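*Asks:* Would you mind keeping the following structure in view while I ask a few things?
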Amino acid sequence: MLPEFTAEGIDVQTFEEIYDELADGYKTIYGALIDLSLNTPDGQRIAIEAQARLDLQSFALSLYNQLDPNFAVGNSLNRLIKFAGISRNPAVRSYVSVTINTDRTLSLPDNYIVEDDLFQHWVTTSEQALASGDNTVVLYSEDFGAYSAGVGTVVTPVTIVIGVNTVTNPAIAVAGEDEETDEELRMRRNLSLETPSTSTLGGLYTAIGDIDDVTDLKIYENYTNSVDAVLTLDAHTVWCIVEGGSDADIGEAIAKTKTAGCGLKGTETGTYDETITLPDESTFVYSHEMAFDRPTDEDLYITLDVKKRGTAVIDEDLIKEALVATLFDIGETVYVGELYDAVYSAGSTFIATDLEVSLDDITYTASSASPSADGRLLISTAKITITEI
């Protein structure tokens, strides 16, 4: 088989096909008795040429695939999605509030660096004027993305400033956002193609999801003639729960996408003022007040037993940090079995057993737990109990 463009795409040769083709050519030139085994100079030459041809054909196949958003990667995908009117969501910095104790009035320079126990750097983004005593300063992760830091771990100044006595963080860091992956971007692009198809849940997801700074979204629909008792959702009503984005932008997206006459549930209001032009060219403004909700964080309580392997030391704080770094979407159920992955990411010096979760710190389960429809589970250090056995 020769490399060629077909109705199905582009076909390339395998290494074996290229090698055999070159070997036949050598035999035509030098005779059928030529020794082309891989331990001979001629055999090795053919192998090198075959690999070079395969690399070129593979490059051509990769270049061809970059023209398809379902296969394109990186910057090639970034260029293609512009045709859908969207762009890749950038990474967002994590941040942590620290208490800096000083013995004098001083100024922290821009890019003042403090290191945590995991050797991650947290920095100032502008010059900070400090008074003598305790000062609260917000530090940002040196790199953009979702980084975590437990209580009392951001304590080691890398930048030395005379007068700074101690640095510590009384609360955990607020994790940022990693840059949107190629797979996540492909999924969002496919959803964006549903935007013109109004009156669909897909269109609402796309319209709201494309708003700047929207980081999480859940939409429920009751298309029946009776109240949904589980969701407390009236008949023919839509309920949008949105994290991030401005009220006005969300209101505009809902107003332009939802079906006329469809009810909305929510305590938040986004107002979209639409200018209507009449046949006589006069205009008036119609104000759409669109209801929606913001997610509610719900504490997830966790208990587990740990048993050390041999004489190894168990770092309970590291286990808690790993659990705290576990993030959930709106309405997402937690499955206990999956939390073991987070626990063991903190090390292999222990055996974890009897992990259970609870939503009220009273009734615990070893299977799963679900938040309210508009809730999002949140794990905090104070809600984790580890017992060494």
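Each chain of the structure tokens is named A, B, ... in the order shown, its residues numbered from 1; ligands are numbered from 1 in display order.
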Report as JSON, numbers by chain: the residues of region 75-186 of chain A with a DSSP assignment of helix (DSSP H, G or I), based on the backbone of this structure.

*Replies:* {"A": [75, 76, 77, 78, 79, 80, 81, 82, 83, 84, 182, 183, 184, 185, 186]}

*Asks:* Write the selection just made, keeping C-alpha atoms, as a PDB file, in the first residue's frame?

*Replies:*
```
ATOM      1  CA  ASN A  75      -2.358  25.848  19.381  1.00  0.00           C
ATOM      2  CA  SER A  76      -3.835  24.116  16.332  1.00  0.00           C
ATOM      3  CA  LEU A  77      -7.010  23.493  18.317  1.00  0.00           C
ATOM      4  CA  ASN A  78      -6.927  27.083  19.609  1.00  0.00           C
ATOM      5  CA  ARG A  79      -7.024  28.351  16.014  1.00  0.00           C
ATOM      6  CA  LEU A  80      -9.848  26.043  14.943  1.00  0.00           C
ATOM      7  CA  ILE A  81     -12.194  26.854  17.824  1.00  0.00           C
ATOM      8  CA  LYS A  82     -12.158  30.523  16.843  1.00  0.00           C
ATOM      9  CA  PHE A  83     -14.582  29.529  14.075  1.00  0.00           C
ATOM     10  CA  ALA A  84     -17.022  28.518  16.837  1.00  0.00           C
ATOM     11  CA  ASP A 182      -7.724  19.825  24.871  1.00  0.00           C
ATOM     12  CA  GLU A 183     -10.389  17.242  25.729  1.00  0.00           C
ATOM     13  CA  GLU A 184     -12.387  19.704  27.845  1.00  0.00           C
ATOM     14  CA  LEU A 185     -12.124  22.300  25.089  1.00  0.00           C
ATOM     15  CA  ARG A 186     -13.330  19.836  22.439  1.00  0.00           C
TER      16      ARG A 186
END
```

*Asks:* Within 10 Å of Thr353 (chain A), counting only C-alpha atoms, which residues qualify if same-chain residues fewer than 5 places away don't, as a VMD selection string?

*Replies:* chain A and resid 303 to 307 340 387 389

*Asks:* Restricted to C-alpha atoms, what would the selected residues look like written as a CSV table (one decimal), in the first residue's frame?

*Replies:*
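Result file is again.csv:
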```csv
chain,number,residue,atom,x,y,z
A,303,THR,CA,-13.6,9.7,58.9
A,304,LEU,CA,-11.0,7.0,58.2
A,305,ASP,CA,-8.6,4.7,60.0
A,306,VAL,CA,-4.9,4.4,59.1
A,307,LYS,CA,-2.3,1.8,60.1
A,340,TYR,CA,-9.1,6.3,48.6
A,387,THR,CA,-7.6,7.7,63.6
A,389,ILE,CA,-4.9,2.2,64.8
```

*Asks:* Looking at only C-alpha atoms, which of A:Val154, A:Thr206, A:Tyr301, A:Ser37 is the one that sits closest to Lys256 (chain A)?

*Replies:*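 That would be A:Thr206, the residue with the smallest distance to Lys256 (chain A).
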
*Asks:* DSSP on the backbone: which residues in region 96-242 of chain A end up as strand (DSSP E or B)? Give the answer as an mmCIF file with C-alpha atoms, in the first residue's frame.

*Replies:*
```cif
data_model
loop_
_atom_site.group_PDB
_atom_site.id
_atom_site.type_symbol
_atom_site.label_atom_id
_atom_site.label_comp_id
_atom_site.auth_asym_id
_atom_site.auth_seq_id
_atom_site.Cartn_x
_atom_site.Cartn_y
_atom_site.Cartn_z
ATOM 1 C CA VAL A 96 -3.472 32.111 50.071
ATOM 2 C CA SER A 97 -3.885 34.666 52.854
ATOM 3 C CA VAL A 98 -0.834 34.805 55.128
ATOM 4 C CA THR A 99 -0.006 36.594 58.359
ATOM 5 C CA ILE A 100 3.386 38.316 58.234
ATOM 6 C CA ASN A 101 4.826 39.485 61.555
ATOM 7 C CA THR A 102 7.363 42.319 61.419
ATOM 8 C CA LEU A 106 8.672 48.095 55.896
ATOM 9 C CA SER A 107 7.730 47.386 52.305
ATOM 10 C CA LEU A 108 7.582 43.961 50.712
ATOM 11 C CA ILE A 113 8.420 34.807 47.512
ATOM 12 C CA VAL A 114 7.379 32.438 50.298
ATOM 13 C CA GLU A 115 7.800 28.670 49.953
ATOM 14 C CA ASP A 116 5.439 26.058 51.383
ATOM 15 C CA HIS A 121 6.283 29.293 45.642
ATOM 16 C CA TRP A 122 3.684 31.920 46.643
ATOM 17 C CA VAL A 123 4.362 35.518 45.648
ATOM 18 C CA GLN A 128 3.066 45.779 49.990
ATOM 19 C CA ALA A 129 3.429 48.338 52.798
ATOM 20 C CA LEU A 130 3.509 46.647 56.227
ATOM 21 C CA GLY A 133 3.267 43.665 64.108
ATOM 22 C CA ASP A 134 0.924 41.272 62.324
ATOM 23 C CA ASN A 135 -0.104 42.048 58.746
ATOM 24 C CA THR A 136 -2.447 40.147 56.438
ATOM 25 C CA VAL A 137 -1.112 39.752 52.898
ATOM 26 C CA VAL A 138 -2.513 37.779 49.979
ATOM 27 C CA LEU A 139 0.050 35.708 48.103
ATOM 28 C CA TYR A 140 -0.555 34.125 44.700
ATOM 29 C CA SER A 141 0.852 30.894 43.318
ATOM 30 C CA VAL A 154 3.348 28.575 53.791
ATOM 31 C CA VAL A 155 6.081 29.552 56.235
ATOM 32 C CA THR A 156 9.486 29.759 54.544
ATOM 33 C CA PRO A 157 10.483 33.132 53.044
ATOM 34 C CA VAL A 164 10.167 40.110 58.718
ATOM 35 C CA ASN A 165 10.005 37.786 61.710
ATOM 36 C CA THR A 166 7.555 35.063 60.686
ATOM 37 C CA VAL A 167 5.172 34.098 57.915
ATOM 38 C CA THR A 168 2.297 31.648 58.290
ATOM 39 C CA VAL A 174 -7.904 28.804 47.598
ATOM 40 C CA GLU A 177 -8.069 26.697 37.875
ATOM 41 C CA ASP A 216 -19.368 25.489 36.949
ATOM 42 C CA LEU A 217 -22.942 25.024 35.787
ATOM 43 C CA LYS A 218 -25.910 22.738 36.406
ATOM 44 C CA ILE A 219 -29.339 23.010 34.765
ATOM 45 C CA TYR A 220 -32.500 21.099 35.650
ATOM 46 C CA GLU A 221 -35.652 21.016 33.548
ATOM 47 C CA ASN A 222 -39.188 19.940 34.446
ATOM 48 C CA ASP A 228 -41.170 17.828 40.533
ATOM 49 C CA LEU A 233 -39.463 22.538 40.557
ATOM 50 C CA THR A 237 -39.753 25.279 34.555
ATOM 51 C CA VAL A 238 -35.986 25.477 34.178
ATOM 52 C CA TRP A 239 -33.552 25.882 37.068
ATOM 53 C CA CYS A 240 -30.037 27.165 36.327
ATOM 54 C CA ILE A 241 -27.327 27.011 39.002
ATOM 55 C CA VAL A 242 -24.264 28.973 37.916
#
```

*Asks:* Hey, which of A:Glu179, A:Glu321, A:Glu21, A:Asp299 ends up closest to Ser87 (chain A)? Count only C-alpha atoms.

*Replies:*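 The shortest atom-to-atom distance to Ser87 (chain A) comes from A:Glu179.
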
*Asks:* Using only C-alpha atoms, can you tell me which of A:Ala91, A:Ile86, A:Leu278, A:Ala52 comes closest to Asn190 (chain A)?

*Replies:*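 Once distances to Asn190 (chain A) are computed over only C-alpha atoms, the minimum belongs to A:Ile86.
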